[in-house]
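Source file: start_6.cif (mmCIF, C-alpha atoms)
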```cif
data_work
loop_
_atom_site.label_atom_id
_atom_site.label_comp_id
_atom_site.auth_asym_id
_atom_site.auth_seq_id
_atom_site.Cartn_x
_atom_site.Cartn_y
_atom_site.Cartn_z
CA MET A 1 34.64 207.49 -10.03
CA PRO A 2 36.85 208.94 -7.27
CA LYS A 3 38.28 212.44 -7.86
CA LEU A 4 41.82 211.11 -8.26
CA THR A 5 40.68 208.76 -11.04
CA VAL A 6 38.86 211.56 -12.84
CA LEU A 7 41.99 213.73 -12.69
CA ALA A 8 44.40 210.92 -13.70
CA VAL A 9 42.25 209.70 -16.62
CA ARG A 10 41.70 213.23 -17.93
CA LEU A 11 45.43 213.99 -17.68
CA ALA A 12 46.09 210.69 -19.48
CA LEU A 13 43.70 211.73 -22.28
CA ILE A 14 45.46 215.10 -22.59
CA ASN A 15 48.80 213.26 -22.85
CA LEU A 16 47.31 210.89 -25.47
CA THR A 17 46.13 213.73 -27.70
CA THR A 18 49.24 215.87 -27.22
CA GLY A 19 51.55 212.88 -27.65
CA PHE A 20 49.80 211.82 -30.87
CA GLY A 21 49.89 215.45 -32.07
CA LEU A 22 53.64 215.57 -31.48
CA GLY A 23 53.99 212.18 -33.17
CA ALA A 24 52.08 213.52 -36.18
CA LEU A 25 54.48 216.48 -36.40
CA LEU A 26 57.45 214.08 -36.23
CA LEU A 27 56.06 211.91 -39.03
CA ILE A 28 55.19 214.95 -41.17
CA SER A 29 58.73 216.23 -40.62
CA LYS A 30 60.11 212.83 -41.64
CA ALA A 31 57.97 212.82 -44.79
CA THR A 32 58.47 216.42 -45.88
CA GLY A 33 61.73 217.50 -44.24
CA TRP A 34 59.94 220.45 -42.62
CA ILE A 35 60.81 221.72 -39.14
CA PRO A 36 63.70 219.32 -38.46
CA ARG A 37 64.03 220.88 -34.97
CA VAL A 38 60.89 218.98 -33.96
CA TRP A 39 63.07 215.85 -33.57
CA VAL A 40 64.43 217.16 -30.24
CA TYR A 41 60.93 216.42 -28.95
CA LEU A 42 61.11 212.69 -29.74
CA PRO A 43 61.82 211.79 -26.06
CA VAL A 44 58.86 213.98 -25.01
CA HIS A 45 56.60 212.15 -27.51
CA MET A 46 57.68 208.76 -26.12
CA ASP A 47 57.38 209.94 -22.51
CA MET A 48 53.90 211.42 -22.98
CA LEU A 49 52.57 208.19 -24.47
CA ALA A 50 54.35 205.59 -22.33
CA ILE A 51 54.15 207.40 -18.97
CA GLY A 52 51.63 210.22 -19.39
CA TRP A 53 49.04 208.14 -21.26
CA MET A 54 49.46 204.45 -20.46
CA ALA A 55 51.04 204.45 -16.99
CA GLN A 56 48.85 207.33 -15.76
CA LEU A 57 45.68 205.69 -17.09
CA ALA A 58 46.68 202.46 -15.32
CA VAL A 59 47.27 204.36 -12.04
CA GLY A 60 43.90 206.12 -12.31
CA VAL A 61 41.93 202.98 -13.13
CA ALA A 62 43.77 200.87 -10.52
CA PHE A 63 42.97 203.44 -7.80
CA TRP A 64 39.30 203.17 -8.76
CA ILE A 65 38.97 199.45 -9.28
CA LEU A 66 41.39 197.57 -6.98
CA PRO A 67 39.70 195.86 -3.99
CA ARG A 68 38.87 198.25 -1.15
CA TYR A 69 39.04 197.67 2.60
CA ARG A 70 36.02 196.96 4.77
CA GLY A 71 33.75 199.98 4.80
CA GLY A 72 34.73 200.68 1.21
CA HIS A 73 37.71 202.87 2.01
CA ARG A 74 40.95 203.11 0.07
CA PRO A 75 43.93 203.09 2.48
CA HIS A 76 46.50 205.91 2.31
CA PRO A 77 45.14 207.77 -0.71
CA GLU A 78 47.81 210.42 -0.11
CA PHE A 79 50.39 208.09 -1.71
CA ALA A 80 48.27 207.89 -4.87
CA TRP A 81 48.00 211.70 -4.93
CA ILE A 82 51.79 211.95 -4.53
CA ALA A 83 52.11 209.53 -7.47
CA ILE A 84 49.99 211.70 -9.78
CA VAL A 85 51.81 214.91 -8.78
CA ALA A 86 55.30 213.32 -9.12
CA LEU A 87 54.47 211.61 -12.40
CA ASN A 88 53.25 214.84 -13.98
CA ALA A 89 56.09 216.90 -12.51
CA GLY A 90 58.44 214.35 -14.10
CA LEU A 91 56.72 214.70 -17.47
CA GLY A 92 57.04 218.48 -17.18
CA LEU A 93 60.76 218.27 -16.37
CA VAL A 94 61.47 215.95 -19.32
CA ALA A 95 59.55 218.33 -21.60
CA ALA A 96 61.40 221.36 -20.15
CA SER A 97 64.71 219.62 -20.83
CA ALA A 98 63.78 219.31 -24.52
CA VAL A 99 62.34 222.83 -24.81
CA LEU A 100 65.30 224.55 -23.13
CA GLY A 101 67.84 222.32 -24.90
CA ASP A 102 71.17 221.11 -23.50
CA GLN A 103 69.66 220.54 -20.04
CA PRO A 104 70.11 216.77 -19.54
CA GLN A 105 70.01 217.16 -15.76
CA LEU A 106 66.36 218.24 -16.00
CA ALA A 107 65.51 215.03 -17.88
CA VAL A 108 67.29 212.97 -15.20
CA LEU A 109 65.35 214.79 -12.46
CA GLY A 110 62.17 214.14 -14.43
CA ARG A 111 62.84 210.41 -14.63
CA ILE A 112 63.64 210.31 -10.89
CA SER A 113 60.34 212.09 -10.18
CA GLN A 114 58.45 209.59 -12.37
CA ALA A 115 60.12 206.62 -10.65
CA ALA A 116 59.35 208.11 -7.22
CA GLY A 117 55.73 208.60 -8.30
CA MET A 118 55.38 205.00 -9.37
CA ALA A 119 57.01 203.86 -6.10
CA ALA A 120 54.49 205.95 -4.15
CA PHE A 121 51.66 204.32 -6.09
CA ALA A 122 53.08 200.87 -5.37
CA VAL A 123 53.02 201.72 -1.64
CA HIS A 124 49.34 202.67 -1.98
CA ALA A 125 48.32 199.70 -4.14
CA TRP A 126 50.31 196.91 -2.43
CA PRO A 127 47.87 196.21 0.45
CA ARG A 128 44.86 196.46 -1.91
CA VAL A 129 46.11 193.49 -3.90
CA LYS A 130 44.55 190.90 -1.59
CA ALA A 131 42.36 187.83 -1.36
CA PRO A 132 38.58 188.38 -1.14
CA GLY A 133 37.40 188.99 2.44
CA SER A 134 40.84 189.75 3.89
CA GLY A 135 41.68 193.24 5.14
CA MET B 136 30.44 193.36 -25.12
CA PRO B 137 29.46 196.08 -27.67
CA ARG B 138 30.18 195.50 -31.38
CA LEU B 139 32.61 198.42 -31.49
CA THR B 140 34.61 196.99 -28.58
CA ARG B 141 34.79 193.61 -30.34
CA ALA B 142 36.08 195.31 -33.51
CA LEU B 143 38.67 197.32 -31.54
CA ILE B 144 39.94 194.34 -29.51
CA ARG B 145 40.08 191.96 -32.49
CA ALA B 146 41.94 194.53 -34.58
CA SER B 147 44.33 195.12 -31.66
CA LEU B 148 45.14 191.40 -31.47
CA ILE B 149 45.99 191.33 -35.19
CA TYR B 150 48.38 194.27 -34.66
CA LEU B 151 50.02 192.51 -31.75
CA LEU B 152 50.75 189.49 -33.91
CA ALA B 153 51.90 191.65 -36.86
CA GLY B 154 54.08 193.81 -34.61
CA LEU B 155 55.75 190.81 -32.99
CA LEU B 156 56.36 189.08 -36.34
CA LEU B 157 57.89 192.28 -37.69
CA ALA B 158 60.01 192.57 -34.54
CA ILE B 159 61.33 189.05 -35.24
CA GLY B 160 61.97 190.02 -38.86
CA THR B 161 63.97 193.08 -37.84
CA SER B 162 65.97 191.43 -35.04
CA PRO B 163 69.75 191.95 -35.29
CA GLY B 164 70.40 188.35 -36.38
CA LEU B 165 68.36 188.83 -39.55
CA ARG B 166 69.91 191.58 -41.62
CA SER B 167 66.89 192.59 -43.66
CA LEU B 168 63.34 191.63 -44.52
CA ALA B 169 62.41 191.60 -48.22
CA GLY B 170 65.41 193.79 -48.92
CA LEU B 171 64.26 196.49 -46.49
CA PRO B 172 66.75 197.75 -43.92
CA SER B 173 65.82 196.89 -40.31
CA ALA B 174 66.09 200.56 -39.34
CA ALA B 175 63.19 201.39 -41.67
CA LEU B 176 60.97 198.68 -40.23
CA ARG B 177 61.73 199.01 -36.51
CA PRO B 178 59.56 202.15 -35.98
CA ILE B 179 56.72 200.32 -37.72
CA SER B 180 57.04 197.33 -35.41
CA ILE B 181 57.06 199.64 -32.35
CA HIS B 182 53.98 201.55 -33.54
CA LEU B 183 52.04 198.42 -34.49
CA ILE B 184 52.48 197.27 -30.89
CA THR B 185 52.06 200.57 -28.99
CA VAL B 186 49.37 202.18 -31.16
CA GLY B 187 47.73 199.25 -32.95
CA TRP B 188 47.68 196.86 -30.01
CA LEU B 189 47.99 198.73 -26.69
CA THR B 190 46.20 201.98 -27.47
CA GLN B 191 43.47 200.28 -29.50
CA LEU B 192 42.93 197.64 -26.79
CA ILE B 193 42.58 200.44 -24.22
CA MET B 194 40.11 202.23 -26.52
CA GLY B 195 37.99 199.10 -26.72
CA VAL B 196 37.97 198.52 -22.97
CA ILE B 197 37.24 202.19 -22.22
CA HIS B 198 34.28 202.11 -24.62
CA TRP B 199 32.95 198.99 -22.92
CA MET B 200 33.69 199.50 -19.21
CA PHE B 201 33.80 203.20 -18.37
CA PRO B 202 30.79 204.74 -16.58
CA ARG B 203 27.78 205.42 -18.78
CA ARG B 204 27.18 208.98 -19.86
CA SER B 205 23.36 208.98 -19.87
CA GLN B 206 20.32 206.77 -20.48
CA GLU B 207 20.02 208.02 -24.06
CA GLN B 208 23.73 207.81 -24.93
CA PRO B 209 25.27 205.32 -22.49
CA ARG B 210 28.59 205.16 -24.34
CA GLY B 211 28.58 208.68 -25.72
CA SER B 212 28.73 209.22 -29.45
CA GLN B 213 29.01 205.89 -31.31
CA ALA B 214 29.83 207.81 -34.49
CA LEU B 215 32.82 209.49 -32.85
CA VAL B 216 34.28 206.18 -31.66
CA TRP B 217 33.65 204.50 -35.02
CA PHE B 218 35.47 207.45 -36.59
CA ALA B 219 38.37 206.91 -34.14
CA PHE B 220 38.47 203.19 -35.09
CA VAL B 221 38.54 203.89 -38.84
CA ALA B 222 40.97 206.81 -38.59
CA LEU B 223 43.40 204.96 -36.31
CA ASN B 224 43.47 201.84 -38.47
CA SER B 225 43.61 203.56 -41.84
CA GLY B 226 46.31 205.94 -40.55
CA LEU B 227 48.39 203.14 -39.06
CA ILE B 228 48.13 200.84 -42.11
CA LEU B 229 48.97 203.74 -44.43
CA ARG B 230 52.00 204.54 -42.31
CA ALA B 231 53.11 200.91 -42.10
CA VAL B 232 53.20 200.71 -45.90
CA LEU B 233 54.45 204.18 -46.83
CA GLU B 234 57.15 204.87 -44.24
CA PRO B 235 59.40 201.94 -45.21
CA ALA B 236 58.63 202.55 -48.91
CA ILE B 237 59.74 206.17 -48.69
CA SER B 238 62.86 205.16 -46.71
CA LEU B 239 63.81 202.64 -49.39
CA ALA B 240 63.24 204.85 -52.42
CA TYR B 241 62.15 208.47 -52.02
CA ASP B 242 59.05 209.24 -54.07
CA SER B 243 57.46 212.70 -53.75
CA ARG B 244 54.01 211.22 -54.52
CA LEU B 245 54.15 209.34 -51.19
CA VAL B 246 54.92 212.39 -49.04
CA TRP B 247 51.39 213.73 -48.62
CA PRO B 248 49.70 210.35 -48.06
CA LEU B 249 52.30 209.70 -45.33
CA ALA B 250 51.56 213.11 -43.78
CA ALA B 251 47.83 212.26 -44.00
CA SER B 252 48.46 209.02 -42.07
CA ALA B 253 49.93 211.11 -39.24
CA ILE B 254 46.91 213.42 -39.18
CA LEU B 255 44.45 210.49 -39.23
CA GLN B 256 46.06 208.94 -36.15
CA PHE B 257 46.02 212.29 -34.34
CA LEU B 258 42.31 212.75 -35.18
CA ALA B 259 41.61 209.26 -33.81
CA ALA B 260 43.22 210.21 -30.47
CA LEU B 261 41.27 213.47 -30.42
CA ALA B 262 37.96 211.68 -31.12
CA LEU B 263 38.58 209.16 -28.32
CA THR B 264 39.48 211.96 -25.92
CA LEU B 265 36.36 213.98 -26.75
CA ASN B 266 34.06 210.99 -26.30
CA THR B 267 35.70 209.70 -23.12
CA TRP B 268 36.00 213.10 -21.39
CA THR B 269 32.34 213.34 -20.40
CA ARG B 270 32.17 209.70 -19.28
CA VAL B 271 34.91 210.39 -16.71
CA ARG B 272 33.27 212.27 -13.87
CA PRO B 273 33.06 212.16 -10.06
CA ARG B 274 30.23 210.17 -8.51
#
```

Please render this file's structure as C-alpha coordinates.
Amino acid sequence: MPKLTVLAVRLALINLTTGFGLGALLLISKATGWIPRVWVYLPVHMDMLAIGWMAQLAVGVAFWILPRYRGGHRPHPEFAWIAIVALNAGLGLVAASAVLGDQPQLAVLGRISQAAGMAAFAVHAWPRVKAPGSG
Amino acid sequence: MPRLTRALIRASLIYLLAGLLLAIGTSPGLRSLAGLPSAALRPISIHLITVGWLTQLIMGVIHWMFPRRSQEQPRGSQALVWFAFVALNSGLILRAVLEPAISLAYDSRLVWPLAASAILQFLAALALTLNTWTRVRPR
(Lines of atoms letter the chains of each structure in order from A and count residues from 1; the text may use other names and numbers.)
(Lines give C-alpha, C1' and ligand atoms only; values in the text may rest on other atoms or scores of the structure.)
Protein backbone atom coordinates (compact mmCIF):
# COMPACT_ATOMS: atom_id res chain seq x y z
CA MET A 1 0.00 0.00 0.00
CA PRO A 2 1.31 3.51 -0.78
CA LYS A 3 2.05 5.79 2.20
CA LEU A 4 -0.88 8.07 1.38
CA THR A 5 -3.29 5.12 1.47
CA VAL A 6 -1.92 3.94 4.81
CA LEU A 7 -2.37 7.43 6.27
CA ALA A 8 -5.86 7.97 4.77
CA VAL A 9 -7.19 4.55 5.83
CA ARG A 10 -5.81 4.90 9.36
CA LEU A 11 -7.30 8.40 9.68
CA ALA A 12 -10.59 6.97 8.37
CA LEU A 13 -10.49 4.25 11.05
CA ILE A 14 -9.84 6.87 13.74
CA ASN A 15 -12.83 8.85 12.45
CA LEU A 16 -14.96 5.67 12.43
CA THR A 17 -14.19 4.86 16.07
CA THR A 18 -14.44 8.46 17.29
CA GLY A 19 -17.61 9.08 15.27
CA PHE A 20 -19.26 5.92 16.64
CA GLY A 21 -18.11 6.90 20.15
CA LEU A 22 -19.74 10.31 19.77
CA GLY A 23 -22.84 8.63 18.33
CA ALA A 24 -22.97 6.34 21.37
CA LEU A 25 -22.84 9.38 23.68
CA LEU A 26 -25.67 11.01 21.68
CA LEU A 27 -27.85 7.91 21.94
CA ILE A 28 -27.09 7.48 25.66
CA SER A 29 -28.00 11.14 26.17
CA LYS A 30 -31.25 10.59 24.25
CA ALA A 31 -32.07 7.53 26.38
CA THR A 32 -31.10 8.88 29.79
CA GLY A 33 -31.26 12.67 29.44
CA TRP A 34 -27.65 12.94 30.62
CA ILE A 35 -25.24 15.54 29.26
CA PRO A 36 -27.69 17.32 26.95
CA ARG A 37 -24.82 19.58 25.81
CA VAL A 38 -23.47 16.65 23.79
CA TRP A 39 -26.12 17.44 21.13
CA VAL A 40 -24.05 20.40 19.88
CA TYR A 41 -21.69 17.72 18.56
CA LEU A 42 -24.31 16.14 16.28
CA PRO A 43 -22.85 17.87 13.15
CA VAL A 44 -19.37 16.65 14.18
CA HIS A 45 -20.70 13.07 14.50
CA MET A 46 -22.24 13.25 11.02
CA ASP A 47 -19.14 14.89 9.53
CA MET A 48 -16.73 12.36 11.03
CA LEU A 49 -18.68 9.43 9.63
CA ALA A 50 -19.71 10.79 6.22
CA ILE A 51 -16.49 12.66 5.36
CA GLY A 52 -13.84 11.45 7.82
CA TRP A 53 -14.72 7.76 7.55
CA MET A 54 -16.45 7.02 4.24
CA ALA A 55 -15.11 9.74 1.92
CA GLN A 56 -11.57 9.50 3.32
CA LEU A 57 -11.55 5.70 3.04
CA ALA A 58 -12.72 6.02 -0.58
CA VAL A 59 -9.93 8.54 -1.33
CA GLY A 60 -7.29 6.29 0.26
CA VAL A 61 -8.42 3.14 -1.51
CA ALA A 62 -8.93 4.91 -4.87
CA PHE A 63 -5.37 6.31 -4.71
CA TRP A 64 -4.10 2.76 -4.19
CA ILE A 65 -6.25 0.87 -6.64
CA LEU A 66 -7.14 3.10 -9.63
CA PRO A 67 -5.24 2.24 -12.84
CA ARG A 68 -1.69 3.60 -12.90
CA TYR A 69 0.29 5.02 -15.81
CA ARG A 70 2.95 3.10 -17.70
CA GLY A 71 5.85 2.36 -15.40
CA GLY A 72 3.41 2.01 -12.53
CA HIS A 73 3.46 5.64 -11.48
CA ARG A 74 0.57 7.66 -10.10
CA PRO A 75 0.46 11.10 -11.78
CA HIS A 76 0.45 14.25 -9.61
CA PRO A 77 0.29 12.60 -6.19
CA GLU A 78 0.62 16.08 -4.65
CA PHE A 79 -3.07 16.71 -5.41
CA ALA A 80 -4.02 13.59 -3.43
CA TRP A 81 -1.85 14.78 -0.52
CA ILE A 82 -3.55 18.20 -0.69
CA ALA A 83 -6.90 16.37 -0.57
CA ILE A 84 -6.03 14.50 2.63
CA VAL A 85 -4.67 17.64 4.34
CA ALA A 86 -7.66 19.81 3.29
CA LEU A 87 -10.21 17.15 4.19
CA ASN A 88 -8.80 16.72 7.69
CA ALA A 89 -8.32 20.46 8.20
CA GLY A 90 -12.00 20.82 7.27
CA LEU A 91 -13.00 18.16 9.80
CA GLY A 92 -10.96 19.98 12.44
CA LEU A 93 -12.60 23.34 11.66
CA VAL A 94 -16.12 21.86 11.84
CA ALA A 95 -15.22 20.24 15.18
CA ALA A 96 -13.69 23.51 16.45
CA SER A 97 -16.89 25.35 15.51
CA ALA A 98 -18.89 22.97 17.74
CA VAL A 99 -16.37 22.98 20.61
CA LEU A 100 -16.01 26.78 20.72
CA GLY A 101 -19.74 27.35 20.15
CA ASP A 102 -21.34 30.23 18.24
CA GLN A 103 -18.62 30.13 15.57
CA PRO A 104 -20.58 29.28 12.40
CA GLN A 105 -17.92 30.86 10.20
CA LEU A 106 -15.47 28.13 11.26
CA ALA A 107 -17.93 25.46 10.11
CA VAL A 108 -18.32 27.23 6.75
CA LEU A 109 -14.53 27.40 6.36
CA GLY A 110 -14.38 23.72 7.24
CA ARG A 111 -16.89 22.79 4.55
CA ILE A 112 -15.01 24.92 1.99
CA SER A 113 -11.78 23.12 2.94
CA GLN A 114 -13.48 19.71 2.55
CA ALA A 115 -14.91 20.68 -0.85
CA ALA A 116 -11.50 21.97 -1.98
CA GLY A 117 -9.93 18.70 -0.81
CA MET A 118 -12.36 16.63 -2.80
CA ALA A 119 -11.80 18.86 -5.85
CA ALA A 120 -8.04 18.33 -5.51
CA PHE A 121 -8.59 14.58 -5.39
CA ALA A 122 -10.79 14.74 -8.48
CA VAL A 123 -7.92 16.51 -10.31
CA HIS A 124 -5.59 13.67 -9.28
CA ALA A 125 -8.01 10.82 -10.06
CA TRP A 126 -9.52 12.11 -13.33
CA PRO A 127 -6.73 10.97 -15.70
CA ARG A 128 -6.43 7.61 -13.89
CA VAL A 129 -9.99 6.72 -14.83
CA LYS A 130 -9.06 5.37 -18.26
CA ALA A 131 -9.37 2.47 -20.67
CA PRO A 132 -6.85 -0.38 -20.31
CA GLY A 133 -3.59 0.30 -22.19
CA SER A 134 -4.16 4.04 -22.66
CA GLY A 135 -1.94 6.56 -20.88
CA MET B 1 -14.92 -14.91 -0.56
CA PRO B 2 -14.53 -15.71 3.19
CA ARG B 3 -17.60 -16.82 5.19
CA LEU B 4 -17.42 -13.73 7.40
CA THR B 5 -17.45 -11.44 4.35
CA ARG B 6 -20.49 -13.28 2.97
CA ALA B 7 -22.30 -12.82 6.31
CA LEU B 8 -21.38 -9.12 6.46
CA ILE B 9 -22.41 -8.37 2.85
CA ARG B 10 -25.67 -10.35 3.02
CA ALA B 11 -26.63 -8.66 6.29
CA SER B 12 -25.77 -5.28 4.75
CA LEU B 13 -28.12 -5.93 1.80
CA ILE B 14 -30.98 -6.75 4.19
CA TYR B 15 -30.38 -3.43 5.99
CA LEU B 16 -30.38 -1.55 2.70
CA LEU B 17 -33.79 -2.95 1.85
CA ALA B 18 -35.13 -2.37 5.39
CA GLY B 19 -33.74 1.17 5.48
CA LEU B 20 -35.25 2.08 2.11
CA LEU B 21 -38.64 0.59 3.01
CA LEU B 22 -38.62 2.53 6.26
CA ALA B 23 -37.63 5.68 4.35
CA ILE B 24 -40.70 5.16 2.14
CA GLY B 25 -42.84 4.61 5.24
CA THR B 26 -41.63 7.85 6.82
CA SER B 27 -41.85 10.02 3.69
CA PRO B 28 -43.81 13.27 4.15
CA GLY B 29 -46.81 12.01 2.15
CA LEU B 30 -47.43 9.21 4.65
CA ARG B 31 -48.12 10.72 8.05
CA SER B 32 -47.21 7.76 10.22
CA LEU B 33 -46.31 4.09 10.15
CA ALA B 34 -48.17 1.83 12.59
CA GLY B 35 -49.08 4.88 14.62
CA LEU B 36 -45.44 5.91 15.08
CA PRO B 37 -44.50 9.50 14.27
CA SER B 38 -42.17 9.84 11.27
CA ALA B 39 -39.71 11.85 13.37
CA ALA B 40 -39.15 8.81 15.61
CA LEU B 41 -38.47 6.51 12.67
CA ARG B 42 -36.35 8.76 10.46
CA PRO B 43 -33.12 8.35 12.52
CA ILE B 44 -33.64 4.59 12.35
CA SER B 45 -33.97 4.65 8.57
CA ILE B 46 -30.79 6.78 8.29
CA HIS B 47 -28.82 4.46 10.59
CA LEU B 48 -30.04 1.27 8.91
CA ILE B 49 -28.62 2.65 5.66
CA THR B 50 -25.39 4.31 6.89
CA VAL B 51 -24.42 1.80 9.60
CA GLY B 52 -26.24 -1.40 8.62
CA TRP B 53 -25.63 -1.17 4.89
CA LEU B 54 -22.68 1.14 4.09
CA THR B 55 -20.43 0.56 7.09
CA GLN B 56 -21.14 -3.17 7.22
CA LEU B 57 -20.54 -3.54 3.46
CA ILE B 58 -17.21 -1.74 3.88
CA MET B 59 -16.34 -4.04 6.80
CA GLY B 60 -16.99 -7.08 4.63
CA VAL B 61 -14.91 -5.81 1.72
CA ILE B 62 -12.04 -4.72 4.00
CA HIS B 63 -11.99 -8.19 5.59
CA TRP B 64 -11.86 -9.79 2.16
CA MET B 65 -9.63 -7.50 0.08
CA PHE B 66 -7.15 -5.67 2.31
CA PRO B 67 -3.53 -6.87 2.35
CA ARG B 68 -2.90 -10.01 4.38
CA ARG B 69 -1.33 -9.60 7.78
CA SER B 70 0.76 -12.79 7.88
CA GLN B 71 0.86 -16.40 6.70
CA GLU B 72 -0.57 -17.61 10.01
CA GLN B 73 -3.28 -14.95 10.34
CA PRO B 74 -3.92 -13.63 6.82
CA ARG B 75 -7.02 -11.67 7.83
CA GLY B 76 -5.99 -10.89 11.39
CA SER B 77 -8.16 -12.06 14.25
CA GLN B 78 -11.29 -13.83 12.97
CA ALA B 79 -12.72 -13.70 16.50
CA LEU B 80 -12.42 -9.90 16.60
CA VAL B 81 -14.26 -9.47 13.29
CA TRP B 82 -16.96 -11.98 14.26
CA PHE B 83 -17.36 -9.97 17.47
CA ALA B 84 -17.69 -6.78 15.38
CA PHE B 85 -20.36 -8.48 13.21
CA VAL B 86 -22.41 -9.67 16.20
CA ALA B 87 -22.01 -6.42 18.18
CA LEU B 88 -22.90 -4.19 15.22
CA ASN B 89 -26.00 -6.18 14.30
CA SER B 90 -27.29 -6.76 17.82
CA GLY B 91 -26.67 -3.10 18.69
CA LEU B 92 -28.38 -1.82 15.56
CA ILE B 93 -31.42 -4.13 15.84
CA LEU B 94 -31.80 -3.27 19.53
CA ARG B 95 -31.68 0.41 18.66
CA ALA B 96 -34.12 0.06 15.77
CA VAL B 97 -36.69 -1.48 18.13
CA LEU B 98 -36.10 0.51 21.32
CA GLU B 99 -35.57 4.06 20.06
CA PRO B 100 -39.01 4.44 18.44
CA ALA B 101 -40.61 2.54 21.36
CA ILE B 102 -39.12 4.93 23.92
CA SER B 103 -40.13 7.94 21.77
CA LEU B 104 -43.72 6.70 21.63
CA ALA B 105 -44.13 5.85 25.30
CA TYR B 106 -41.33 6.47 27.78
CA ASP B 107 -40.50 3.36 29.79
CA SER B 108 -37.55 3.47 32.20
CA ARG B 109 -36.94 -0.28 31.68
CA LEU B 110 -35.92 0.46 28.07
CA VAL B 111 -33.32 3.12 28.93
CA TRP B 112 -30.39 0.86 29.74
CA PRO B 113 -30.92 -1.61 26.88
CA LEU B 114 -30.97 1.41 24.53
CA ALA B 115 -27.74 2.71 26.08
CA ALA B 116 -26.28 -0.81 25.68
CA SER B 117 -27.16 -0.74 21.96
CA ALA B 118 -25.03 2.41 21.62
CA ILE B 119 -22.09 0.79 23.39
CA LEU B 120 -22.35 -2.39 21.28
CA GLN B 121 -22.12 -0.40 18.05
CA PHE B 122 -19.13 1.56 19.38
CA LEU B 123 -17.38 -1.69 20.36
CA ALA B 124 -18.00 -3.05 16.85
CA ALA B 125 -16.26 -0.01 15.32
CA LEU B 126 -13.38 -0.38 17.78
CA ALA B 127 -12.97 -4.10 16.98
CA LEU B 128 -12.90 -3.41 13.23
CA THR B 129 -10.35 -0.63 13.73
CA LEU B 130 -8.07 -2.81 15.87
CA ASN B 131 -8.13 -5.68 13.38
CA THR B 132 -7.71 -3.53 10.28
CA TRP B 133 -4.94 -1.29 11.67
CA THR B 134 -2.16 -3.86 11.30
CA ARG B 135 -3.32 -4.92 7.82
CA VAL B 136 -2.82 -1.35 6.58
CA ARG B 137 0.90 -0.87 6.16
CA PRO B 138 3.37 0.45 3.57
CA ARG B 139 4.85 -2.05 1.12

> Quick one: of B:Leu156, B:Val216, B:Leu229, B:Val271, who's nearest to Trp247 (chain B), counting all atoms listed in the file?
Replying inline: B:Leu229

> Got a sec: who's within 8 Å of Ile254 (chain B), counting only C-alpha atoms, leaving out chain neighbours fewer than 6 positions off, as a ChimeraX atom specification?
Replying inline: /A:21,24 /B:226

>> Residues of chain B within 9 Å of chain A, counting all atoms listed in the file - could you list those as a ChimeraX atom specification?
In response: /B:185,189-190,193,202,234,237,243,245-247,249-261,263-265,267-268,271-274

> If you measure from CA of Leu227 (chain B) to CA of Gly195 (chain B), what distance in Å do you get, rounded to one decimal?
Replying inline: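 CA of Gly195 (chain B) lies 16.6 Å from CA of Leu227 (chain B).
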
>> So the first atom is CA of Arg145 (chain B) and the second is CA of His182 (chain B); what is the distance between them in Å, to one decimal place?
In response: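 For CA of Arg145 (chain B) relative to CA of His182 (chain B), the distance reads 16.9 Å.
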
>> For the PyMOL selection byres ((chain A and resi 84-99) around 9), applied here, can you spell out every residue it catches as a ChimeraX atom specification?
In response: /A:4,7-8,11,40-44,47-48,51-52,56,59-60,79-83,100-118,120-121

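Minimum distance to Gly154 (chain B) across B:Phe201, B:Ile228, B:Phe218, B:Arg138 (counting only C-alpha atoms) occurs at B:Ile228.
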
> Counting all atoms listed in the file, what is within 9 Å of Tyr69 (chain A), bar same-chain residues fewer than 5 positions away, as a list of chain:residue names?
Replying inline: A:Arg74, A:Pro75, A:Arg128, A:Gly133, A:Ser134, A:Gly135

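Picked out by the PyMOL selection byres ((chain B and resi 142) around 10) when it runs on this file: Pro137, Arg138, Leu139, Thr140, Arg141, Leu143, Ile144, Arg145, Ala146, Ser147, Gln191, Leu192, Gly195, Trp217 and Phe220 of chain B.
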
> What gap, in Å, lies between CA of Leu215 (chain B) and CA of Leu151 (chain B)?
Replying inline: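 Separation of CA of Leu215 (chain B) and CA of Leu151 (chain B): 24.2 Å.
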
>> Could you check the closest approach to Ala131 (chain A) for each of A:Ala55, A:Met46, A:Val38, A:Leu66 and tell me which residue wins, using all atoms listed in the file?
In response: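 Smallest distance to Ala131 (chain A) is found for A:Leu66.
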